[in-house]
>>> print(open('coords_17.cif').read())   # mmCIF, C-alpha atoms, pLDDT in the B column; chains and numbers go by the auth columns
data_data
loop_
_atom_site.group_PDB
_atom_site.id
_atom_site.type_symbol
_atom_site.label_atom_id
_atom_site.label_comp_id
_atom_site.label_asym_id
_atom_site.label_seq_id
_atom_site.Cartn_x
_atom_site.Cartn_y
_atom_site.Cartn_z
_atom_site.B_iso_or_equiv
_atom_site.auth_seq_id
_atom_site.auth_asym_id
ATOM 1 C CA GLN A 1 120.060 92.589 118.676 90.00 1 A
ATOM 2 C CA VAL A 2 117.826 91.953 115.704 94.00 2 A
ATOM 3 C CA GLN A 3 119.074 91.690 112.147 97.00 3 A
ATOM 4 C CA LEU A 4 116.691 92.416 109.288 97.00 4 A
ATOM 5 C CA VAL A 5 117.326 91.434 105.680 97.00 5 A
ATOM 6 C CA GLU A 6 115.042 92.553 102.864 97.00 6 A
ATOM 7 C CA SER A 7 114.656 90.897 99.489 97.00 7 A
ATOM 8 C CA GLY A 8 112.339 90.960 96.503 98.00 8 A
ATOM 9 C CA GLY A 9 113.076 94.347 95.032 97.00 9 A
ATOM 10 C CA GLY A 10 113.723 94.895 91.358 97.00 10 A
ATOM 11 C CA LEU A 11 112.654 96.600 88.170 98.00 11 A
ATOM 12 C CA VAL A 12 109.024 96.369 87.092 98.00 12 A
ATOM 13 C CA GLN A 13 106.803 98.183 84.629 98.00 13 A
ATOM 14 C CA ALA A 14 104.013 100.426 85.810 98.00 14 A
ATOM 15 C CA GLY A 15 100.981 98.351 86.701 98.00 15 A
ATOM 16 C CA GLY A 16 103.105 95.411 87.717 98.00 16 A
ATOM 17 C CA SER A 17 103.602 93.711 91.064 98.00 17 A
ATOM 18 C CA LEU A 18 106.400 92.881 93.444 98.00 18 A
ATOM 19 C CA ASN A 19 106.535 91.047 96.746 98.00 19 A
ATOM 20 C CA LEU A 20 109.060 92.193 99.317 98.00 20 A
ATOM 21 C CA SER A 21 110.181 90.027 102.202 98.00 21 A
ATOM 22 C CA CYS A 22 111.965 90.831 105.434 98.00 22 A
ATOM 23 C CA VAL A 23 113.604 88.087 107.454 97.00 23 A
ATOM 24 C CA ALA A 24 114.427 88.756 111.087 96.00 24 A
ATOM 25 C CA SER A 25 117.133 86.976 113.025 95.00 25 A
ATOM 26 C CA GLY A 26 118.727 87.304 116.420 94.00 26 A
ATOM 27 C CA ASN A 27 116.667 88.180 119.475 90.00 27 A
ATOM 28 C CA THR A 28 113.292 88.248 117.753 89.00 28 A
ATOM 29 C CA ASP A 29 111.072 87.772 120.786 89.00 29 A
ATOM 30 C CA ASN A 30 108.723 90.609 121.705 89.00 30 A
ATOM 31 C CA ILE A 31 108.793 92.428 118.387 91.00 31 A
ATOM 32 C CA ASN A 32 105.842 94.784 118.680 90.00 32 A
ATOM 33 C CA THR A 33 105.606 96.102 115.174 92.00 33 A
ATOM 34 C CA MET A 34 107.222 95.489 111.836 94.00 34 A
ATOM 35 C CA ASN A 35 107.043 98.325 109.377 96.00 35 A
ATOM 36 C CA TRP A 36 107.988 99.056 105.820 98.00 36 A
ATOM 37 C CA TYR A 37 109.427 102.453 104.973 98.00 37 A
ATOM 38 C CA ARG A 38 110.656 103.835 101.691 98.00 38 A
ATOM 39 C CA GLN A 39 112.949 106.613 100.611 98.00 39 A
ATOM 40 C CA ALA A 40 112.997 108.075 97.141 97.00 40 A
ATOM 41 C CA PRO A 41 115.956 110.129 95.873 92.00 41 A
ATOM 42 C CA GLY A 42 115.890 113.601 97.371 95.00 42 A
ATOM 43 C CA LYS A 43 112.988 112.798 99.653 96.00 43 A
ATOM 44 C CA GLN A 44 112.580 111.935 103.298 97.00 44 A
ATOM 45 C CA ARG A 45 112.012 108.379 104.413 97.00 45 A
ATOM 46 C CA GLU A 46 108.325 107.718 104.792 98.00 46 A
ATOM 47 C CA LEU A 47 106.223 105.041 106.424 98.00 47 A
ATOM 48 C CA VAL A 48 104.521 102.811 103.879 98.00 48 A
ATOM 49 C CA ALA A 49 102.822 100.169 106.021 98.00 49 A
ATOM 50 C CA LEU A 50 102.958 98.601 109.443 96.00 50 A
ATOM 51 C CA VAL A 51 101.737 95.429 111.079 94.00 51 A
ATOM 52 C CA THR A 52 101.609 94.923 114.829 92.00 52 A
ATOM 53 C CA SER A 53 102.096 91.750 116.811 89.00 53 A
ATOM 54 C CA TRP A 54 98.318 91.456 117.202 90.00 54 A
ATOM 55 C CA GLY A 55 97.749 91.802 113.468 90.00 55 A
ATOM 56 C CA SER A 56 96.648 95.392 113.201 95.00 56 A
ATOM 57 C CA THR A 57 97.759 97.088 109.991 97.00 57 A
ATOM 58 C CA ASN A 58 98.003 100.621 108.735 97.00 58 A
ATOM 59 C CA TYR A 59 98.986 102.104 105.391 98.00 59 A
ATOM 60 C CA ALA A 60 100.079 105.361 103.885 98.00 60 A
ATOM 61 C CA ASP A 61 97.250 106.923 101.900 98.00 61 A
ATOM 62 C CA SER A 62 99.328 106.681 98.733 97.00 62 A
ATOM 63 C CA VAL A 63 99.420 102.875 98.854 98.00 63 A
ATOM 64 C CA LYS A 64 96.030 101.974 100.338 98.00 64 A
ATOM 65 C CA GLY A 65 94.243 99.418 98.222 97.00 65 A
ATOM 66 C CA ARG A 66 97.435 98.507 96.350 98.00 66 A
ATOM 67 C CA PHE A 67 99.832 97.237 99.031 98.00 67 A
ATOM 68 C CA THR A 68 99.256 94.522 101.621 98.00 68 A
ATOM 69 C CA VAL A 69 101.487 94.018 104.648 97.00 69 A
ATOM 70 C CA SER A 70 101.664 90.815 106.670 96.00 70 A
ATOM 71 C CA ARG A 71 103.899 89.024 109.120 95.00 71 A
ATOM 72 C CA ASP A 72 104.552 85.438 110.084 93.00 72 A
ATOM 73 C CA ASP A 73 106.051 85.282 113.549 89.00 73 A
ATOM 74 C CA ALA A 74 106.721 81.568 113.287 90.00 74 A
ATOM 75 C CA LYS A 75 108.901 82.192 110.247 91.00 75 A
ATOM 76 C CA LYS A 76 110.138 85.534 111.608 92.00 76 A
ATOM 77 C CA THR A 77 109.215 87.307 108.417 95.00 77 A
ATOM 78 C CA ALA A 78 107.275 90.313 107.261 96.00 78 A
ATOM 79 C CA SER A 79 106.047 90.778 103.723 97.00 79 A
ATOM 80 C CA LEU A 80 104.838 93.620 101.559 98.00 80 A
ATOM 81 C CA GLN A 81 102.764 92.691 98.528 98.00 81 A
ATOM 82 C CA MET A 82 102.737 95.551 96.061 98.00 82 A
ATOM 83 C CA ARG A 83 100.292 95.697 93.166 98.00 83 A
ATOM 84 C CA SER A 84 99.422 98.271 90.528 98.00 84 A
ATOM 85 C CA LEU A 85 102.827 99.821 90.971 98.00 85 A
ATOM 86 C CA LYS A 86 103.376 103.385 89.834 98.00 86 A
ATOM 87 C CA PRO A 87 106.584 105.215 88.907 97.00 87 A
ATOM 88 C CA GLU A 88 106.190 107.260 92.093 97.00 88 A
ATOM 89 C CA ASP A 89 106.584 104.044 94.090 98.00 89 A
ATOM 90 C CA THR A 90 110.230 103.962 93.012 98.00 90 A
ATOM 91 C CA ALA A 91 112.366 104.037 96.141 98.00 91 A
ATOM 92 C CA VAL A 92 114.570 102.026 98.443 98.00 92 A
ATOM 93 C CA TYR A 93 112.285 100.030 100.708 98.00 93 A
ATOM 94 C CA TYR A 94 113.398 99.383 104.276 98.00 94 A
ATOM 95 C CA CYS A 95 112.187 96.914 106.850 98.00 95 A
ATOM 96 C CA TYR A 96 111.903 98.203 110.424 97.00 96 A
ATOM 97 C CA ALA A 97 111.203 96.393 113.668 96.00 97 A
ATOM 98 C CA GLN A 98 110.486 97.680 117.133 94.00 98 A
ATOM 99 C CA ARG A 99 111.076 95.396 120.082 92.00 99 A
ATOM 100 C CA LEU A 100 109.781 95.815 123.606 90.00 100 A
ATOM 101 C CA SER A 101 108.349 99.163 122.502 85.00 101 A
ATOM 102 C CA LYS A 102 111.759 100.789 122.643 90.00 102 A
ATOM 103 C CA TYR A 103 114.464 99.093 120.613 94.00 103 A
ATOM 104 C CA VAL A 104 114.378 99.782 116.893 96.00 104 A
ATOM 105 C CA TYR A 105 116.155 98.011 114.061 97.00 105 A
ATOM 106 C CA TRP A 106 116.505 98.679 110.366 98.00 106 A
ATOM 107 C CA GLY A 107 117.368 96.567 107.382 98.00 107 A
ATOM 108 C CA ARG A 108 119.704 97.803 104.670 98.00 108 A
ATOM 109 C CA GLY A 109 116.933 98.206 102.129 98.00 109 A
ATOM 110 C CA THR A 110 115.972 96.836 98.742 98.00 110 A
ATOM 111 C CA GLN A 111 115.598 98.916 95.591 98.00 111 A
ATOM 112 C CA VAL A 112 112.243 99.046 93.817 98.00 112 A
ATOM 113 C CA THR A 113 112.182 100.744 90.440 98.00 113 A
ATOM 114 C CA VAL A 114 108.947 101.203 88.499 98.00 114 A
ATOM 115 C CA SER A 115 109.298 102.246 84.877 97.00 115 A
ATOM 116 C CA SER A 116 106.599 104.150 83.024 93.00 116 A
#
>>> encode(input="coords_17.cif", output="structure tokens")
Amino acid sequence: QVQLVESGGGLVQAGGSLNLSCVASGNTDNINTMNWYRQAPGKQRELVALVTSWGSTNYADSVKGRFTVSRDDAKKTASLQMRSLKPEDTAVYYCYAQRLSKYVYWGRGTQVTVSS
């Protein structure tokens, strides 16, 4: 089992920045990818960014150039640096991990609210 705990959410004005962190614990060996998803009220959960164990990253078009995802396997963390935040970035942000290409784990989420 892998436990994921997110932190760093909060309320910020449009144009501001936030840094989200995800700490993994438990059986953290062989985590292939760590992703960040978000879910806004009334909308489906969507993939925001991912980072693989070999450092490859990918981003949703809506956040490219504004968000940066990273991971530190030694510290068992993944981070999401968010800049130039927009009201439409308001959502609950979830950390996700996939292990051995088949087991998936979710954190409980952290709220990000961007005011206009």
>>> resolve_selection(input="coords_17.cif", expression="the PyMOL selection byres ((chain A and resi 46) around 10)", output="VMD selection string")
chain A and resid 36 to 40 43 to 45 47 to 49 60 93 to 94
>>> resolve_selection(input="coords_17.cif", expression="the PyMOL selection byres ((chain A and resi 68) around 9)", output="tab-separated table (two decimals) with C-alpha atoms, in the frame of the given file")
chain	number	residue	atom	x	y	z
A	49	ALA	CA	102.82	100.17	106.02
A	57	THR	CA	97.76	97.09	109.99
A	59	TYR	CA	98.99	102.10	105.39
A	63	VAL	CA	99.42	102.88	98.85
A	64	LYS	CA	96.03	101.97	100.34
A	65	GLY	CA	94.24	99.42	98.22
A	66	ARG	CA	97.44	98.51	96.35
A	67	PHE	CA	99.83	97.24	99.03
A	69	VAL	CA	101.49	94.02	104.65
A	70	SER	CA	101.66	90.82	106.67
A	79	SER	CA	106.05	90.78	103.72
A	80	LEU	CA	104.84	93.62	101.56
A	81	GLN	CA	102.76	92.69	98.53
A	82	MET	CA	102.74	95.55	96.06
A	83	ARG	CA	100.29	95.70	93.17
>>> residues_around(input="coords_17.cif", residues="A:Tyr96", least_positions_apart="2", cutoff="12 Å", atoms="only C-alpha atoms", output="CSV table (one decimal) with C-alpha atoms, in the coordinates of the input")
chain,number,residue,atom,x,y,z
A,2,VAL,CA,117.8,92.0,115.7
A,3,GLN,CA,119.1,91.7,112.1
A,4,LEU,CA,116.7,92.4,109.3
A,5,VAL,CA,117.3,91.4,105.7
A,6,GLU,CA,115.0,92.6,102.9
A,21,SER,CA,110.2,90.0,102.2
A,22,CYS,CA,112.0,90.8,105.4
A,23,VAL,CA,113.6,88.1,107.5
A,24,ALA,CA,114.4,88.8,111.1
A,31,ILE,CA,108.8,92.4,118.4
A,32,ASN,CA,105.8,94.8,118.7
A,33,THR,CA,105.6,96.1,115.2
A,34,MET,CA,107.2,95.5,111.8
A,35,ASN,CA,107.0,98.3,109.4
A,36,TRP,CA,108.0,99.1,105.8
A,37,TYR,CA,109.4,102.5,105.0
A,38,ARG,CA,110.7,103.8,101.7
A,45,ARG,CA,112.0,108.4,104.4
A,46,GLU,CA,108.3,107.7,104.8
A,47,LEU,CA,106.2,105.0,106.4
A,48,VAL,CA,104.5,102.8,103.9
A,49,ALA,CA,102.8,100.2,106.0
A,50,LEU,CA,103.0,98.6,109.4
A,51,VAL,CA,101.7,95.4,111.1
A,52,THR,CA,101.6,94.9,114.8
A,77,THR,CA,109.2,87.3,108.4
A,78,ALA,CA,107.3,90.3,107.3
A,79,SER,CA,106.0,90.8,103.7
A,93,TYR,CA,112.3,100.0,100.7
A,94,TYR,CA,113.4,99.4,104.3
A,98,GLN,CA,110.5,97.7,117.1
A,99,ARG,CA,111.1,95.4,120.1
A,103,TYR,CA,114.5,99.1,120.6
A,104,VAL,CA,114.4,99.8,116.9
A,105,TYR,CA,116.2,98.0,114.1
A,106,TRP,CA,116.5,98.7,110.4
A,107,GLY,CA,117.4,96.6,107.4
A,108,ARG,CA,119.7,97.8,104.7
A,109,GLY,CA,116.9,98.2,102.1
>>> resolve_selection(input="coords_17.cif", expression="the PyMOL selection byres ((chain A and resi 89) around 8)", output="PDB file with C-alpha atoms, in the coordinates of the input")
ATOM      1  CA  LEU A  85     102.827  99.821  90.971  1.00 98.00           C
ATOM      2  CA  LYS A  86     103.376 103.385  89.834  1.00 98.00           C
ATOM      3  CA  PRO A  87     106.584 105.215  88.907  1.00 97.00           C
ATOM      4  CA  GLU A  88     106.190 107.260  92.093  1.00 97.00           C
ATOM      5  CA  THR A  90     110.230 103.962  93.012  1.00 98.00           C
ATOM      6  CA  ALA A  91     112.366 104.037  96.141  1.00 98.00           C
ATOM      7  CA  VAL A 112     112.243  99.046  93.817  1.00 98.00           C
ATOM      8  CA  THR A 113     112.182 100.744  90.440  1.00 98.00           C
ATOM      9  CA  VAL A 114     108.947 101.203  88.499  1.00 98.00           C
TER      10      VAL A 114
END
>>> axis_aligned_box(input="coords_17.cif", around="stretch 39-53 of chain A", padding_each_side="5 Å", output="AutoDock Vina command-line options")
--center_x 108.8 --center_y 102.7 --center_z 106.3 --size_x 24.3 --size_y 31.9 --size_z 30.9
>>> residues_around(input="coords_17.cif", residues="A:Gly8", least_positions_apart="3", cutoff="7 Å", atoms="all atoms listed in the file", output="PyMOL selection string")
chain A and resi 18-21
>>> atom_distance(input="coords_17.cif", atom1="atom CA of A:Ser84", atom2="atom CA of A:Asp72")
23.9 Å
>>> atom_distance(input="coords_17.cif", atom1="atom CA of A:Val92", atom2="atom CA of A:Gly9")
8.5 Å
>>> closest_residue(input="coords_17.cif", among="A:Thr110, A:Gln1, A:Lys76, A:Gln13", to="A:Ser53", atoms="all atoms listed in the file")
A:Lys76
>>> atom_distance(input="coords_17.cif", atom1="atom CA of A:Cys95", atom2="atom CA of A:Asn27")
16.0 Å
>>> closest_residue(input="coords_17.cif", among="A:Asn30, A:Pro41, A:Ala74, A:Ser62", to="A:Gln111", atoms="only C-alpha atoms")
A:Pro41
